[in-house]
Amino acid sequence: MAFNFLRAAAAGAAMALCGLGSVHAAVNLPALKIDKTQTTVSGLSSGGFMAVQLHVAYSATFAKGAGVVAGGPFYCAEGSVVNATGRCMASPAGIPTSTLVSTTNTWASQGVIDPVANLQNSKVYLFSGSLDSVVKTGVMDALRTYYNSFVPAANVVYKKDIAAEHAMVTDDYGNGCSTKGAPYISDCNFDLAAAMLQHLYGTLNARNNATLPTGNYIEFNQSEFITNHGMATTGWAYVPQACQAGGTATCKLHVVLHGCKQNISDVQQQYVRNTGYNRWADTNNIVMLYPQTSTAATNSCWDWWGYDSANYSKKSGPQMAAVKAMVDRVSSGTGGTTPPDPVALPAPTGVSTSGATASSMAIGWAAVTGAASYNVYRNANKVNALPVTATSYTDTGLAASTTYSWTVRAADANGAEGATSAAASGTTLAASGGGTATCTTASNYAHTLAGRAYAAGGYTYALGSNQSMGLWNVFVTNTLKQTSTNYYVIGTCP
């Protein structure tokens with residue numbers, strides 16, 4: 001169908017009236033009757049990179065397959081915003097595909113991601129618009145090469161013959177096909193959602209072209225699964241009536257990840273309602289889960305280069321673990337039951353520091369009843385990559401002769417955190433042995449280009465220590481001291 005601006009505008013106005021804000025309070029994500037072997041994921045742009053991360057790192061969960069639109073290989077950026085905006089978007093010739101395959105195998109052997117053997121029966125659908133000026137087709141070519149190391153070639157479909165710009169493609173909604181701009185949904189006379197879902201699941205029942213029931217859309221509480229880390233307080237889901245509480249159907253689950261500048265704050269519910277997924281979900285008993293980033297995320301993007309965590313592409317990455325927890329929750333029902341409201345855990349008490357060295361400090365605290373794990377924060381930044389199950393933690397990579405402050409939060413079995421403890425401070429010992437630290441004074445922008453810092457939400461943070469350095473621009477200057485590999489603190493050298 002040809003693009004119709006008036007129809008799109010009218011649809012946008014209708015959505016504004018049907019509740020782009022939270023007309024109804026968000027509910028807890030329900031536990032539904034899901035066939036866990038039928039769980040898949042797809043995404044566009046940063047959501048495409050995130051979909052690859054989830055597919056690979058949590059391959060036991062997403063073994064069925066993934067759809068990727070304008071994304072790239074797993075760990076493409078290797079923790080660098082320079083790589084992210086360079087080789088992983090504009091200059092794909094520099095993508096070290098063989099190195100990324102090797103990293104994947106190494107991490108799987110270490111257990112920080114699931115075994116790659118889970119991918120051997122996966123199905124993968126790849127799409128790149130031939131006019132995409134944001135994530136060049138060469139990046140998707142590299143993704144296909146990457147997947148060739150883990151997924152049989154017969155299981156991969158790669159479509160790149162449609163003259164589309166950077167967008168989610170539909171057959172009846174959005175901008176003109178060659179347009180680049182909000183909401184980054186384009187009418188190209190091609191039902192991309194259908195193509196992906198049919199490749200992943202096989203032949204589908206015809207889609208529902210009628211107006212979908214408003215009650216099938218659920219705004220749920222994302223704060224049960226994560227707070228901050230660039231994620232919104234609520235997410236969305238589309239639940240066909242046969243899959244809802246009390247239903248007898250066993251349903252499939254598909255996770256849909258928006259791209260940059262496409263969350264609810266940016267484009268309201270357009271990505272949730274108008275990308276074509278739900279009308280296929282409605283007639284094929286597929287629950288659609290739409291996690292959401294927040295305005296605090298850089299350009300509303302998912303973390304695929306490390307703006308939030310150095311472990312962004314591993315199972316321990318905060319955003320990764322949060323989406324996995326959502327999947328586990330919605331898949332945990334036996335007949336469509338809704339879990340009770342979570343009980344907030346109290347703050348840990350007795351937080352103390354001990355065992356100081358020139359580069360580490362031990363933190364201890366009293367156990368919290370009902371806690372499954374704990375998270376430790378140094379100067380308000382989370383420092384543990386994996387949940388801490390003991391009541392002590394040793395924080396490393398610290399600067400000598402430096403005072404830090406630590407707090408602790410308990411977490412329940414779903415990863416929901418309780419109250420923050422009182423702070424405990426400690427000072428590391430003076431350095432010994434005559435080692436010389438390396439200091440660099442430069443603008444915040446230069447620090448990020450050199451990999452000594454990273455930008456998030458318009459601000460700059462030191463790599464490793466996550467210390468706030470102020471606005472991300474060429475005017476603010478800081479001195480960063482490197483205290484260990486990939487670890488920098490704000491300071492001066494003797």
# chains A, B, ... in the order shown; residues from 1 in each chain; ligands from 1

call {"tool": "select_by_dssp", "arguments": {"residues": "region 215-444 of chain A", "states": "strand (DSSP E or B)", "output": "ChimeraX atom specification"}}
result
/A:217-221,231,234-238,251-257,286-290,293,337,352-354,361-364,373-378,381-382,388,392-395,403-411,417-420,424-427,438-443

call {"tool": "residues_around", "arguments": {"residues": "Val56 (chain A)", "least_positions_apart": "3", "cutoff": "12 Å", "atoms": "only C-alpha atoms", "output": "PyMOL selection string"}}
result
chain A and resi 40-41+49-53+59-66+73-75+100-101+103-105+107-108+112-120+122+124+146-147+150-151+313-315+320

call {"tool": "residues_around", "arguments": {"residues": "Cys177 (chain A)", "least_positions_apart": "2", "cutoff": "6 Å", "atoms": "only C-alpha atoms", "output": "mmCIF file with C-alpha atoms, in the first residue's frame"}}
result
data_model
loop_
_atom_site.group_PDB
_atom_site.id
_atom_site.type_symbol
_atom_site.label_atom_id
_atom_site.label_comp_id
_atom_site.auth_asym_id
_atom_site.auth_seq_id
_atom_site.Cartn_x
_atom_site.Cartn_y
_atom_site.Cartn_z
ATOM 1 C CA ALA A 164 14.457 1.383 2.408
ATOM 2 C CA THR A 179 12.665 8.658 4.194
ATOM 3 C CA SER A 186 8.388 3.128 6.825
ATOM 4 C CA ASP A 187 5.698 1.951 4.432
ATOM 5 C CA CYS A 188 7.615 -0.038 1.817
#

call {"tool": "residues_around", "arguments": {"residues": "region 278-285 of chain A", "least_positions_apart": "4", "cutoff": "10 Å", "atoms": "only C-alpha atoms", "output": "JSON, numbers by chain"}}
result
{"A": [34, 193, 194, 197, 198, 201, 203, 204, 205, 206, 207, 208, 209, 210, 211, 212, 213, 216, 217, 237, 238, 239, 240, 241, 242, 243, 244, 249, 250, 251, 252, 253, 254, 272, 273, 274]}

call {"tool": "select_by_dssp", "arguments": {"residues": "region 219-316 of chain A", "states": "helix (DSSP H, G or I)", "output": "list in words"}}
result
Gln222, Ser223, Glu224, Gln241, Ala242, Cys243, Ile264, Ser265, Asp266, Val267, Gln270, Tyr271, Val272, Arg273, Tyr277, Asn278, Arg279, Trp280, Ala281, Asp282, Thr283, Asn284, Thr298, Asn299 and Ser300 of chain A

call {"tool": "write_last_selection", "arguments": {"atoms": "C-alpha atoms", "output": "short mmCIF file (atom, residue, chain, number, x, y, z; two decimals), in the first residue's frame"}}
result
data_model
loop_
_atom_site.label_atom_id
_atom_site.label_comp_id
_atom_site.auth_asym_id
_atom_site.auth_seq_id
_atom_site.Cartn_x
_atom_site.Cartn_y
_atom_site.Cartn_z
CA GLN A 222 9.64 -2.71 34.49
CA SER A 223 10.94 -1.52 37.85
CA GLU A 224 10.33 -5.01 39.17
CA GLN A 241 -7.09 -13.07 24.38
CA ALA A 242 -6.40 -16.81 24.12
CA CYS A 243 -3.13 -16.26 25.99
CA ILE A 264 7.51 5.52 24.29
CA SER A 265 8.86 8.98 25.17
CA ASP A 266 10.11 9.48 21.60
CA VAL A 267 7.35 8.09 19.37
CA GLN A 270 3.78 3.85 17.43
CA TYR A 271 6.44 1.14 17.68
CA VAL A 272 4.30 -0.94 20.01
CA ARG A 273 1.13 -0.65 17.91
CA TYR A 277 3.73 -7.63 14.86
CA ASN A 278 0.51 -7.61 16.88
CA ARG A 279 -1.93 -8.47 14.09
CA TRP A 280 0.04 -11.66 13.44
CA ALA A 281 0.37 -12.32 17.15
CA ASP A 282 -3.38 -12.04 17.58
CA THR A 283 -4.21 -14.92 15.23
CA ASN A 284 -1.24 -17.13 16.08
CA THR A 298 21.94 7.66 25.21
CA ASN A 299 19.59 8.61 22.35
CA SER A 300 17.13 6.10 23.87
#

call {"tool": "residues_around", "arguments": {"residues": "Met326 (chain A)", "least_positions_apart": "6", "cutoff": "12 Å", "atoms": "only C-alpha atoms", "output": "PyMOL selection string"}}
result
chain A and resi 28-32+61+220-226+234-237+253-255+288-292+319-320+332+414-416

call {"tool": "residues_around", "arguments": {"residues": "Gly86 (chain A)", "least_positions_apart": "2", "cutoff": "12 Å", "atoms": "only C-alpha atoms", "output": "PDB file with N, CA and C atoms, in the first residue's frame"}}
result
ATOM      1  N   CYS A  76      30.231  -6.253  18.482  1.00  0.00           N
ATOM      2  CA  CYS A  76      30.875  -5.530  17.381  1.00  0.00           C
ATOM      3  C   CYS A  76      31.699  -4.346  17.867  1.00  0.00           C
ATOM      4  N   ALA A  77      31.151  -3.597  18.843  1.00  0.00           N
ATOM      5  CA  ALA A  77      31.829  -2.388  19.307  1.00  0.00           C
ATOM      6  C   ALA A  77      32.995  -2.686  20.235  1.00  0.00           C
ATOM      7  N   GLU A  78      33.047  -3.884  20.791  1.00  0.00           N
ATOM      8  CA  GLU A  78      34.096  -4.263  21.745  1.00  0.00           C
ATOM      9  C   GLU A  78      34.280  -3.206  22.841  1.00  0.00           C
ATOM     10  N   SER A  80      33.648   0.029  22.803  1.00  0.00           N
ATOM     11  CA  SER A  80      34.146   1.343  22.382  1.00  0.00           C
ATOM     12  C   SER A  80      33.090   2.101  21.590  1.00  0.00           C
ATOM     13  N   VAL A  81      32.779   3.322  22.012  1.00  0.00           N
ATOM     14  CA  VAL A  81      31.829   4.142  21.265  1.00  0.00           C
ATOM     15  C   VAL A  81      32.410   4.521  19.913  1.00  0.00           C
ATOM     16  N   VAL A  82      33.741   4.589  19.805  1.00  0.00           N
ATOM     17  CA  VAL A  82      34.377   4.881  18.521  1.00  0.00           C
ATOM     18  C   VAL A  82      34.118   3.740  17.544  1.00  0.00           C
ATOM     19  N   ASN A  83      34.282   2.502  18.009  1.00  0.00           N
ATOM     20  CA  ASN A  83      33.964   1.357  17.157  1.00  0.00           C
ATOM     21  C   ASN A  83      32.483   1.324  16.806  1.00  0.00           C
ATOM     22  N   ALA A  84      31.645   1.655  17.792  1.00  0.00           N
ATOM     23  CA  ALA A  84      30.196   1.598  17.571  1.00  0.00           C
ATOM     24  C   ALA A  84      29.779   2.526  16.442  1.00  0.00           C
ATOM     25  N   CYS A  88      30.987  -0.264  13.144  1.00  0.00           N
ATOM     26  CA  CYS A  88      29.726  -0.980  13.339  1.00  0.00           C
ATOM     27  C   CYS A  88      28.522  -0.258  12.748  1.00  0.00           C
ATOM     28  N   MET A  89      28.766   0.894  12.136  1.00  0.00           N
ATOM     29  CA  MET A  89      27.674   1.624  11.501  1.00  0.00           C
ATOM     30  C   MET A  89      28.060   2.123  10.111  1.00  0.00           C
ATOM     31  N   ALA A  90      29.161   2.883  10.067  1.00  0.00           N
ATOM     32  CA  ALA A  90      29.486   3.579   8.819  1.00  0.00           C
ATOM     33  C   ALA A  90      30.604   2.943   8.008  1.00  0.00           C
ATOM     34  N   SER A  91      31.535   2.244   8.655  1.00  0.00           N
ATOM     35  CA  SER A  91      32.721   1.727   7.960  1.00  0.00           C
ATOM     36  C   SER A  91      32.906   0.244   8.240  1.00  0.00           C
ATOM     37  N   PRO A  92      32.017  -0.590   7.704  1.00  0.00           N
ATOM     38  CA  PRO A  92      32.002  -2.013   8.075  1.00  0.00           C
ATOM     39  C   PRO A  92      33.227  -2.806   7.660  1.00  0.00           C
ATOM     40  N   ALA A  93      34.058  -2.254   6.792  1.00  0.00           N
ATOM     41  CA  ALA A  93      35.245  -3.003   6.367  1.00  0.00           C
ATOM     42  C   ALA A  93      36.168  -3.299   7.542  1.00  0.00           C
ATOM     43  N   GLY A  94      36.055  -2.511   8.614  1.00  0.00           N
ATOM     44  CA  GLY A  94      36.927  -2.705   9.772  1.00  0.00           C
ATOM     45  C   GLY A  94      36.418  -3.677  10.800  1.00  0.00           C
ATOM     46  N   ILE A  95      35.268  -4.308  10.571  1.00  0.00           N
ATOM     47  CA  ILE A  95      34.711  -5.234  11.563  1.00  0.00           C
ATOM     48  C   ILE A  95      35.538  -6.519  11.609  1.00  0.00           C
ATOM     49  N   VAL A 134      22.418   4.809   8.020  1.00  0.00           N
ATOM     50  CA  VAL A 134      22.818   4.811   9.427  1.00  0.00           C
ATOM     51  C   VAL A 134      23.637   3.572   9.752  1.00  0.00           C
ATOM     52  N   VAL A 135      23.077   2.410   9.499  1.00  0.00           N
ATOM     53  CA  VAL A 135      23.808   1.147   9.638  1.00  0.00           C
ATOM     54  C   VAL A 135      23.938   0.571   8.237  1.00  0.00           C
ATOM     55  N   LYS A 136      25.114   0.711   7.658  1.00  0.00           N
ATOM     56  CA  LYS A 136      25.312   0.331   6.263  1.00  0.00           C
ATOM     57  C   LYS A 136      25.109  -1.172   6.064  1.00  0.00           C
ATOM     58  N   VAL A 139      27.536  -3.798   7.296  1.00  0.00           N
ATOM     59  CA  VAL A 139      27.510  -4.241   8.694  1.00  0.00           C
ATOM     60  C   VAL A 139      26.655  -5.497   8.810  1.00  0.00           C
ATOM     61  N   TRP A 305      27.273  -0.904  23.226  1.00  0.00           N
ATOM     62  CA  TRP A 305      28.692  -0.549  23.171  1.00  0.00           C
ATOM     63  C   TRP A 305      29.275  -0.272  24.552  1.00  0.00           C
ATOM     64  N   LEU A 449      36.918   9.429  22.854  1.00  0.00           N
ATOM     65  CA  LEU A 449      37.488   8.952  21.594  1.00  0.00           C
ATOM     66  C   LEU A 449      38.676   8.038  21.832  1.00  0.00           C
TER      67      LEU A 449
END

call {"tool": "closest_residue", "arguments": {"among": "A:Gly306, A:Gly129, A:Pro318, A:Gly174", "to": "Val69 (chain A)", "atoms": "only C-alpha atoms"}}
result
A:Gly129

call {"tool": "closest_residue", "arguments": {"among": "A:Asn444, A:Ser149, A:Ser102, A:Thr389", "to": "Gly470 (chain A)", "atoms": "only C-alpha atoms"}}
result
A:Asn444

call {"tool": "residues_around", "arguments": {"residues": "Ala344 (chain A)", "least_positions_apart": "6", "cutoff": "10 Å", "atoms": "only C-alpha atoms", "output": "NGL selection string"}}
result
:A and (224 or 370 or 410-412 or 416-419)

call {"tool": "closest_residue", "arguments": {"among": "A:Thr334, A:Thr227, A:Val408, A:Ser360", "to": "Gly247 (chain A)", "atoms": "only C-alpha atoms"}}
result
A:Thr334

call {"tool": "atom_distance", "arguments": {"atom1": "CA of Ser425 (chain A)", "atom2": "CA of Ser405 (chain A)"}}
result
4.3 Å
